[in-house]
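S.K.: Next up, start_25.txt (compact mmCIF, C-alpha atoms).
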```
# COMPACT_ATOMS: atom_id res chain seq x y z
CA MET B 1 113.04 93.29 76.62
CA ARG B 2 112.21 96.57 78.35
CA TYR B 3 109.00 97.58 80.05
CA ILE B 4 107.46 100.15 82.43
CA ASP B 5 105.35 99.11 85.42
CA PRO B 6 103.19 102.24 85.72
CA HIS B 7 101.41 101.28 88.96
CA ILE B 8 103.22 99.47 91.75
CA HIS B 9 103.50 100.08 95.50
CA MET B 10 107.18 99.55 96.13
CA VAL B 11 106.95 100.83 99.73
CA SER B 12 105.35 97.44 100.43
CA ARG B 13 107.94 95.42 98.52
CA SER B 14 111.47 94.30 99.32
CA THR B 15 114.60 95.53 97.58
CA ASP B 16 114.91 92.04 96.08
CA ASP B 17 111.80 92.85 94.04
CA TYR B 18 113.56 95.83 92.46
CA GLN B 19 116.38 93.48 91.49
CA ARG B 20 114.04 90.87 90.00
CA MET B 21 112.12 93.56 88.09
CA ALA B 22 115.38 94.99 86.72
CA LEU B 23 116.45 91.52 85.60
CA ALA B 24 113.07 91.13 83.85
CA GLY B 25 113.60 94.38 81.90
CA CYS B 26 111.85 97.02 84.01
CA ILE B 27 113.27 100.48 83.30
CA ALA B 28 110.79 102.65 85.22
CA VAL B 29 107.97 102.45 87.75
CA THR B 30 105.36 104.93 88.90
CA GLU B 31 103.98 104.60 92.42
CA PRO B 32 100.63 106.12 93.41
CA ALA B 33 99.86 106.98 97.03
CA PHE B 34 97.53 104.32 98.45
CA TRP B 35 95.99 102.71 101.52
CA ALA B 36 98.89 101.01 103.25
CA GLY B 37 96.77 98.29 104.87
CA TYR B 38 95.90 100.39 107.93
CA ASP B 39 94.39 103.81 108.59
CA ARG B 40 96.97 106.45 109.46
CA SER B 41 96.28 108.33 112.69
CA SER B 42 97.30 111.82 111.56
CA ALA B 43 98.10 113.99 108.56
CA GLN B 44 101.70 113.82 109.74
CA GLY B 45 101.63 110.13 108.88
CA PHE B 46 100.93 111.15 105.27
CA PHE B 47 103.70 113.76 105.37
CA ASP B 48 106.15 110.98 106.25
CA TYR B 49 104.64 108.69 103.58
CA PHE B 50 105.03 111.39 100.92
CA ARG B 51 108.71 111.76 101.92
CA LEU B 52 109.11 108.01 101.50
CA LEU B 53 107.60 108.25 98.00
CA THR B 54 109.56 111.29 96.87
CA GLU B 55 112.92 110.73 98.56
CA VAL B 56 113.52 107.13 99.65
CA GLU B 57 112.00 105.04 96.84
CA PRO B 58 113.73 106.87 93.97
CA ARG B 59 117.08 106.13 95.64
CA ARG B 60 116.21 102.49 96.30
CA ALA B 61 115.07 101.98 92.69
CA ALA B 62 118.12 103.72 91.26
CA GLN B 63 120.39 101.06 92.77
CA TYR B 64 119.00 98.70 90.13
CA GLY B 65 118.84 101.17 87.26
CA ILE B 66 115.07 101.65 87.61
CA GLN B 67 113.63 105.17 87.52
CA HIS B 68 110.98 105.81 90.17
CA PHE B 69 108.18 108.36 89.78
CA THR B 70 105.21 108.96 92.05
CA TRP B 71 101.65 110.31 92.44
CA LEU B 72 100.27 111.94 95.60
CA CYS B 73 96.83 112.10 97.19
CA ILE B 74 94.74 110.81 100.03
CA ASN B 75 93.44 107.43 98.90
CA PRO B 76 89.67 106.83 98.73
CA LYS B 77 89.59 104.41 101.66
CA GLU B 78 91.00 106.97 104.09
CA ALA B 79 89.06 109.79 102.40
CA ASP B 80 85.76 108.76 103.98
CA ASP B 81 86.50 111.17 106.86
CA PRO B 82 86.32 114.54 105.05
CA GLY B 83 87.87 116.59 107.88
CA PHE B 84 90.88 114.31 108.07
CA ALA B 85 91.15 114.11 104.28
CA ARG B 86 91.25 117.92 103.97
CA GLU B 87 94.15 118.08 106.45
CA VAL B 88 96.07 115.70 104.19
CA ILE B 89 95.10 117.56 100.99
CA LYS B 90 96.57 120.75 102.51
CA ILE B 91 100.07 119.24 102.61
CA ILE B 92 100.05 117.91 99.03
CA PRO B 93 100.92 121.16 97.15
CA GLU B 94 104.37 121.48 98.73
CA PHE B 95 105.22 117.96 97.50
CA LEU B 96 103.98 118.69 93.95
CA LYS B 97 107.24 120.62 93.49
CA CYS B 98 109.33 117.43 93.89
CA PRO B 99 111.03 116.40 90.63
CA THR B 100 109.59 112.86 90.48
CA VAL B 101 105.93 113.72 91.18
CA LEU B 102 103.77 113.16 88.09
CA GLY B 103 100.35 114.12 89.38
CA ILE B 104 97.45 113.35 91.71
CA GLY B 105 96.67 109.68 92.37
CA GLU B 106 95.40 107.21 93.00
CA ILE B 107 92.20 109.09 93.77
CA GLY B 108 88.77 107.59 93.24
CA LEU B 109 86.15 105.72 95.20
CA ASN B 110 86.20 102.69 97.49
CA LYS B 111 82.61 102.04 98.66
CA ASN B 112 80.92 104.73 96.55
CA THR B 113 79.90 106.94 99.49
CA LYS B 114 78.97 110.63 99.45
CA ASN B 115 81.98 111.42 101.67
CA GLU B 116 84.37 109.67 99.28
CA LEU B 117 82.79 111.47 96.33
CA THR B 118 83.17 114.88 98.03
CA ILE B 119 86.87 114.33 98.60
CA LEU B 120 87.31 112.95 95.09
CA GLU B 121 85.82 116.17 93.70
CA GLU B 122 88.13 118.27 95.88
CA GLN B 123 91.20 116.33 94.69
CA ILE B 124 90.10 116.66 91.05
CA GLU B 125 89.94 120.40 91.70
CA LEU B 126 93.45 120.25 93.19
CA ALA B 127 94.72 118.55 90.04
CA ALA B 128 92.99 121.10 87.82
CA ASN B 129 94.37 124.04 89.80
CA HIS B 130 97.92 122.69 89.59
CA ASP B 131 97.66 121.35 86.00
CA GLN B 132 98.46 117.80 87.11
CA LEU B 133 97.87 114.42 85.49
CA ILE B 134 95.38 112.20 87.34
CA LEU B 135 95.59 108.48 88.17
CA VAL B 136 92.28 106.96 89.27
CA HIS B 137 91.56 103.97 91.50
CA THR B 138 88.24 102.29 90.75
CA PRO B 139 86.40 100.27 93.43
CA HIS B 140 86.65 96.54 93.98
CA LEU B 141 84.42 93.74 92.82
CA GLU B 142 80.67 94.48 92.85
CA ASP B 143 81.28 98.20 93.43
CA LYS B 144 83.50 98.70 90.36
CA ARG B 145 80.97 99.40 87.61
CA LYS B 146 78.91 101.89 89.59
CA GLY B 147 82.02 103.57 91.01
CA THR B 148 83.68 103.88 87.61
CA LEU B 149 80.62 105.68 86.24
CA LEU B 150 80.45 108.01 89.28
CA ILE B 151 84.15 108.85 88.96
CA MET B 152 83.93 109.62 85.24
CA ASP B 153 80.91 111.85 85.89
CA ALA B 154 82.83 113.73 88.59
CA LEU B 155 85.81 114.23 86.28
CA GLN B 156 83.66 115.50 83.44
CA ASN B 157 81.49 117.67 85.68
CA GLN B 158 84.59 119.58 86.83
CA GLY B 159 84.68 121.11 83.36
CA GLN B 160 88.43 121.65 82.93
CA ILE B 161 89.75 118.09 82.96
CA ASP B 162 91.02 116.73 79.65
CA PRO B 163 90.18 112.99 79.66
CA GLY B 164 93.39 112.34 77.73
CA ARG B 165 95.29 113.37 80.89
CA VAL B 166 93.44 110.92 83.15
CA LEU B 167 94.24 107.21 83.54
CA ILE B 168 91.39 105.17 85.01
CA ASP B 169 92.91 102.07 86.54
CA HIS B 170 91.77 98.58 87.46
CA VAL B 171 89.46 98.29 84.44
CA GLU B 172 88.00 94.88 83.66
CA GLU B 173 85.77 93.45 80.95
CA HIS B 174 82.67 95.34 82.11
CA THR B 175 84.31 98.76 82.48
CA VAL B 176 87.06 99.03 79.85
CA GLU B 177 84.77 100.09 77.01
CA LEU B 178 82.94 102.62 79.22
CA VAL B 179 86.29 104.25 80.02
CA LEU B 180 87.74 104.26 76.50
CA ASP B 181 84.50 105.53 74.95
CA ARG B 182 84.66 108.67 77.13
CA GLY B 183 88.22 109.42 75.98
CA PHE B 184 90.07 108.42 79.15
CA TRP B 185 93.10 106.13 79.30
CA ALA B 186 92.53 102.67 80.81
CA GLY B 187 94.81 100.63 83.07
CA MET B 188 94.53 96.89 83.64
CA THR B 189 95.82 95.58 86.96
CA LEU B 190 97.21 92.06 86.91
CA TYR B 191 96.30 90.29 90.16
CA PRO B 192 96.19 86.57 90.89
CA ASP B 193 92.64 86.50 92.35
CA THR B 194 90.85 89.80 91.75
CA LYS B 195 91.05 92.23 88.83
CA CYS B 196 92.73 90.82 85.64
CA THR B 197 94.95 87.84 85.06
CA PRO B 198 97.61 88.15 82.34
CA GLN B 199 95.43 85.94 80.13
CA ARG B 200 92.35 88.12 80.54
CA ALA B 201 94.40 91.27 79.98
CA ALA B 202 95.57 89.81 76.66
CA ASP B 203 91.93 88.95 75.85
CA ILE B 204 90.86 92.53 76.57
CA ILE B 205 93.52 93.88 74.20
CA GLU B 206 92.36 91.45 71.51
CA VAL B 207 88.75 92.59 71.91
CA TYR B 208 89.11 96.33 72.63
CA GLY B 209 92.41 97.14 70.89
CA ASN B 210 95.71 98.54 72.15
CA GLU B 211 95.09 102.30 72.05
CA ARG B 212 95.07 104.32 75.31
CA ILE B 213 95.55 101.22 77.47
CA TRP B 214 98.33 99.86 79.66
CA MET B 215 98.86 97.06 82.17
CA ASN B 216 100.43 97.15 85.62
CA SER B 217 101.14 94.85 88.55
CA ALA B 218 99.90 97.15 91.34
CA GLY B 219 102.19 94.99 93.47
CA ASP B 220 101.58 95.79 97.13
CA TRP B 221 101.21 94.15 100.56
CA GLY B 222 98.41 91.80 99.43
CA PRO B 223 98.38 88.87 97.00
CA SER B 224 100.12 90.41 93.99
CA ASP B 225 103.09 89.83 91.72
CA PRO B 226 105.72 92.47 90.90
CA LEU B 227 106.60 90.46 87.79
CA ALA B 228 103.04 90.43 86.48
CA VAL B 229 103.79 92.75 83.54
CA PRO B 230 106.59 90.58 82.07
CA LYS B 231 104.30 87.57 82.62
CA ALA B 232 101.59 89.29 80.57
CA ARG B 233 104.19 90.02 77.89
CA LEU B 234 105.01 86.30 77.88
CA GLU B 235 101.31 85.46 77.56
CA MET B 236 101.00 87.74 74.53
CA THR B 237 104.15 86.22 73.01
CA ARG B 238 102.74 82.74 73.58
CA ARG B 239 99.64 83.70 71.61
CA GLY B 240 101.63 85.05 68.68
CA HIS B 241 101.30 88.80 69.22
CA SER B 242 104.11 90.78 67.59
CA SER B 243 106.93 92.33 69.61
CA ALA B 244 105.74 95.74 68.40
CA SER B 245 102.24 95.12 69.74
CA ILE B 246 103.57 93.87 73.08
CA ASP B 247 105.93 96.84 73.43
CA LYS B 248 103.06 99.20 72.65
CA VAL B 249 101.00 98.24 75.70
CA THR B 250 103.86 97.66 78.14
CA LEU B 251 106.31 100.39 77.14
CA GLU B 252 105.16 102.91 74.53
CA ASN B 253 101.64 103.56 75.84
CA PRO B 254 102.81 104.17 79.42
CA GLN B 255 105.52 106.44 78.06
CA ASP B 256 103.04 108.36 75.88
CA PHE B 257 100.61 108.96 78.75
CA LEU B 258 103.21 109.72 81.41
CA SER B 259 105.24 112.03 79.14
CA GLN B 260 102.36 114.49 79.33
CA SER B 261 104.08 115.42 82.59
CA PRO B 262 107.35 117.22 81.82
CA ARG B 263 108.82 115.42 84.84
CA PHE B 264 108.62 112.03 83.12
CA GLN B 265 111.96 111.87 81.30
CA LEU B 266 113.45 108.44 80.74
CA THR B 267 117.24 108.36 80.96
CA GLU B 268 117.21 105.27 78.73
CA SER B 269 115.08 105.91 75.64
CA PRO B 270 112.92 102.91 74.64
CA MET X 1 84.24 96.13 68.44
CA SER X 2 83.30 92.53 67.89
CA GLN X 3 84.68 89.19 68.91
CA GLU X 4 83.70 88.00 65.44
CA SER X 5 86.86 89.56 64.01
CA TYR X 6 89.08 86.64 65.13
CA SER X 7 91.48 88.98 66.90
CA CYS X 8 93.37 86.19 68.70
CA PRO X 9 96.50 85.45 66.63
CA LYS X 10 96.32 81.68 67.33
CA ASN X 11 93.96 79.40 65.45
CA ARG X 12 91.11 77.76 67.35
CA ALA X 13 92.71 74.33 67.69
CA ASP X 14 95.89 75.89 69.07
CA VAL X 15 93.90 77.91 71.61
CA ILE X 16 92.11 74.78 72.77
CA ASP X 17 95.38 72.84 72.92
CA ALA X 18 97.02 75.60 74.95
CA TYR X 19 94.26 76.30 77.46
CA PHE X 20 91.84 73.37 77.65
CA LEU X 21 93.38 71.41 80.52
CA GLU X 22 93.83 74.54 82.65
CA HIS X 23 90.17 75.50 82.27
CA ARG X 24 88.92 71.94 82.60
CA ALA X 25 90.63 71.92 86.01
CA LYS X 26 89.00 75.25 86.93
CA LEU X 27 85.58 73.89 86.00
CA ILE X 28 86.10 70.82 88.20
CA ASP X 29 87.28 73.13 91.01
CA LEU X 30 84.02 75.05 90.66
CA ALA X 31 81.97 71.84 90.73
CA ALA X 32 83.82 70.71 93.85
CA PHE X 33 83.20 74.10 95.47
CA LEU X 34 79.45 73.84 94.82
CA ASP X 35 79.47 70.31 96.32
CA ARG X 36 81.40 71.62 99.35
CA VAL X 37 78.82 74.37 99.91
CA ASP X 38 76.02 71.77 99.74
CA ARG X 39 77.77 69.60 102.34
CA ALA X 40 78.03 72.52 104.78
CA LYS X 41 75.10 73.04 107.19
CA PRO X 42 73.31 76.35 106.41
CA GLU X 43 72.94 78.96 109.16
CA SER X 44 69.71 80.34 107.71
CA GLU X 45 67.07 79.49 105.14
CA GLU X 46 67.97 82.53 103.03
CA ALA X 47 70.31 81.85 100.12
CA ASP X 48 73.66 83.65 100.21
CA CYS X 49 73.64 86.50 97.66
CA ARG X 50 77.06 85.45 96.36
CA MET X 51 75.85 81.96 95.53
CA VAL X 52 72.70 83.34 93.90
CA ALA X 53 74.87 85.56 91.68
CA MET X 54 77.20 82.68 90.89
CA LYS X 55 74.31 80.52 89.71
CA LYS X 56 73.10 83.38 87.49
CA ALA X 57 76.61 83.74 86.11
CA LEU X 58 76.71 80.04 85.26
CA GLN X 59 73.65 80.57 83.06
CA VAL X 60 75.61 83.22 81.16
CA LEU X 61 78.27 80.67 80.29
CA LEU X 62 75.68 78.46 78.59
CA ALA X 63 73.92 81.27 76.74
CA PRO X 64 75.00 81.94 73.15
CA GLY X 65 76.82 85.09 72.05
CA PRO X 66 80.11 86.90 72.67
CA PHE X 67 81.33 88.96 75.64
CA ARG X 68 80.68 86.23 78.22
CA ALA X 69 83.33 87.63 80.57
CA ARG X 70 81.72 91.08 80.47
CA ARG X 71 78.25 89.64 81.03
CA VAL X 72 79.45 87.57 83.99
CA GLN X 73 81.08 90.68 85.47
CA GLU X 74 77.77 92.51 85.07
CA VAL X 75 75.95 89.77 86.99
CA PHE X 76 78.39 90.31 89.87
CA SER X 77 77.95 94.12 89.78
CA ASP X 78 75.87 96.46 91.94
CA TYR X 79 73.34 98.36 89.82
CA GLY X 80 71.82 100.22 92.78
CA ARG X 81 71.55 104.00 92.55
CA ASP X 82 71.77 104.92 96.24
CA LEU X 83 74.90 106.50 97.71
CA PRO X 84 75.42 105.98 101.45
CA ASP X 85 76.75 109.00 103.35
CA SER X 86 79.80 107.19 104.72
CA THR X 87 81.33 103.74 105.12
CA GLU X 88 80.33 103.59 108.79
CA GLY X 89 78.86 100.16 109.46
CA MET X 90 79.57 98.93 105.94
CA LYS X 91 81.50 95.79 105.08
CA GLY X 92 84.11 95.60 102.38
CA ALA X 93 83.27 94.37 98.89
CA ILE X 94 82.16 90.73 98.90
CA GLY X 95 82.06 90.02 95.16
CA ALA X 96 78.31 90.17 94.48
CA PRO X 97 75.50 92.67 95.02
CA THR X 98 73.92 92.20 98.44
CA GLY X 99 70.37 92.39 97.13
CA GLU X 100 70.61 89.23 95.02
CA LYS X 101 67.70 86.87 95.77
CA ALA X 102 67.22 83.34 94.54
```
Would you put the structure from the file into structure tokens?
M.R.:
Amino acid sequence: MRYIDPHIHMVSRSTDDYQRMALAGCIAVTEPAFWAGYDRSSAQGFFDYFRLLTEVEPRRAAQYGIQHFTWLCINPKEADDPGFAREVIKIIPEFLKCPTVLGIGEIGLNKNTKNELTILEEQIELAANHDQLILVHTPHLEDKRKGTLLIMDALQNQGQIDPGRVLIDHVEEHTVELVLDRGFWAGMTLYPDTKCTPQRAADIIEVYGNERIWMNSAGDWGPSDPLAVPKARLEMTRRGHSSASIDKVTLENPQDFLSQSPRFQLTESP
Amino acid sequence: MSQESYSCPKNRADVIDAYFLEHRAKLIDLAAFLDRVDRAKPESEEADCRMVAMKKALQVLLAPGPFRARRVQEVFSDYGRDLPDSTEGMKGAIGAPTGEKA
């Protein structure tokens, strides 16, 4: 069994988690830049974080035979201060040259404010100018539906963004069809309390199909499970889904989307 | 896309066998939670918007038709059109739209 966890925050996880993921069949992870649980006090804090993502984590993952790729941005929660956010955006281009950077992410909205939307639009422009893939964070709970619609409008209003090069993450039952119908890719995040459980992710695949969709653990510093993807595979197996169908959503689809970046080269072909 | 296409590979009896006890327990948990809320002294006469939304969501479970999970999610979603300038003074997401009234 081999799988890709295309959204996980390994900076918040122990090295033991890399080992457990490798034992469960993980061959690659991609790690978007995110809110680390506290607001950073300077753009320099992001410079150091981007070094962690581009230099330290690939080495830590490699010890267990896992390839580590990353996405860079200022996350929507810290983007509510536009002046601060623009200082961080200025330092991103130099990191886009790093060999494991796949694109801009996870950008999006948190509380659906005008400030967040302004910085989202500026980071979409950054992605367009540098021909980068985009990974999108959608808001939590009651803010998700409205935020998902605002984000898709912003992406389409930019005019140059191909929806096939954008993954909109954290979809649930009320947003997955909205995302797929507009031609974007959809990501399901497997969390114990919020977002999707492995059972509901399997339900969503049964209802909406397995094209342009993946699942991820988004394991981080909060309640989350770095083995959520293999647990979802087990749930699909338990229901009688074929190995081919399970591999499609946990290995082939992530590979298809991510391979749109020339940087995403697996050393072990699935 | 329709749930009428029987897209779950298991047959209905197998699905019930596999998941009934787990969801029976969740339903009893929910009943116990509602009892617990009733036993707690209210701080105001106004109903909490989260509990108002939850009671609306419970009606969805009893209504006929597919896509119950989606319809429950929609009950818990903000359909407002306004965009605040910034997050200053705002709380984090609480799980239900703040305008919900009983």
S.K.: How many Å lie between atom CA of B:Glu252 and atom CA of B:Leu266, rounded to one decimal?
M.R.: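 That distance, rounded to one decimal, is 11.7 Å.
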S.K.: Show me, as a PyMOL selection string, every residue of chain B with an atom at most 6 Å from chain X, counting only C-alpha atoms.
M.R.: chain B and resi 113-115+141-143+173-174+206+239-240
S.K.: For the residues in the current selection, export C-alpha atoms as a CSV table (one decimal), in the frame of the given file.
M.R.:
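What landed in out02.csv:
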```csv
chain,number,residue,atom,x,y,z
B,113,THR,CA,79.9,106.9,99.5
B,114,LYS,CA,79.0,110.6,99.4
B,115,ASN,CA,82.0,111.4,101.7
B,141,LEU,CA,84.4,93.7,92.8
B,142,GLU,CA,80.7,94.5,92.8
B,143,ASP,CA,81.3,98.2,93.4
B,173,GLU,CA,85.8,93.4,81.0
B,174,HIS,CA,82.7,95.3,82.1
B,206,GLU,CA,92.4,91.4,71.5
B,239,ARG,CA,99.6,83.7,71.6
B,240,GLY,CA,101.6,85.0,68.7
```
S.K.: So how many Å separate atom CA of B:Thr175 and atom CA of B:Arg145, to one decimal?
M.R.: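 Calculated distance between atom CA of B:Thr175 and atom CA of B:Arg145 is 6.2 Å.
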S.K.: Please indicate the distance in Å from atom CA of B:Ser42 to atom CA of B:His9, rounded to one decimal place.
M.R.: 20.8 Å
S.K.: Do you know which residues lie at most 12 Å from (100.3, 116.9, 89.9), with coordinates as in the file and all atoms listed in the file counted, and could you write them as a PyMOL selection string?
M.R.: chain B and resi 32+69-73+92-107+123-135+165-166+258+260-264
S.K.: Could you add the missing atoms to stretch 47-60 of chain X, up to N, CA and C atoms, and return them as a short mmCIF file (atom, residue, chain, number, x, y, z; two decimals), keeping the file's coordinate frame?
M.R.:
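Dumped to rebuild_30.cif:
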```
data_model
loop_
_atom_site.label_atom_id
_atom_site.label_comp_id
_atom_site.auth_asym_id
_atom_site.auth_seq_id
_atom_site.Cartn_x
_atom_site.Cartn_y
_atom_site.Cartn_z
N ALA X 47 69.14 82.17 100.94
CA ALA X 47 70.31 81.85 100.12
C ALA X 47 71.33 82.99 100.18
N ASP X 48 72.59 82.64 100.20
CA ASP X 48 73.66 83.65 100.21
C ASP X 48 73.67 84.37 98.86
N CYS X 49 73.72 85.72 98.91
CA CYS X 49 73.64 86.50 97.66
C CYS X 49 74.77 86.18 96.70
N ARG X 50 75.93 85.78 97.25
CA ARG X 50 77.06 85.45 96.36
C ARG X 50 76.77 84.18 95.57
N MET X 51 76.15 83.22 96.23
CA MET X 51 75.85 81.96 95.53
C MET X 51 74.71 82.16 94.52
N VAL X 52 73.78 83.03 94.86
CA VAL X 52 72.70 83.34 93.90
C VAL X 52 73.31 83.96 92.64
N ALA X 53 74.23 84.92 92.84
CA ALA X 53 74.87 85.56 91.68
C ALA X 53 75.70 84.55 90.90
N MET X 54 76.37 83.66 91.60
CA MET X 54 77.20 82.68 90.89
C MET X 54 76.33 81.78 90.01
N LYS X 55 75.19 81.38 90.52
CA LYS X 55 74.31 80.52 89.71
C LYS X 55 73.77 81.28 88.49
N LYS X 56 73.51 82.57 88.65
CA LYS X 56 73.10 83.38 87.49
C LYS X 56 74.25 83.48 86.48
N ALA X 57 75.45 83.62 87.00
CA ALA X 57 76.61 83.74 86.11
C ALA X 57 76.82 82.45 85.32
N LEU X 58 76.55 81.32 85.97
CA LEU X 58 76.71 80.04 85.26
C LEU X 58 75.75 79.95 84.06
N GLN X 59 74.59 80.56 84.20
CA GLN X 59 73.65 80.57 83.06
C GLN X 59 74.25 81.35 81.89
N VAL X 60 74.99 82.41 82.22
CA VAL X 60 75.61 83.22 81.16
C VAL X 60 76.58 82.37 80.33
#
```
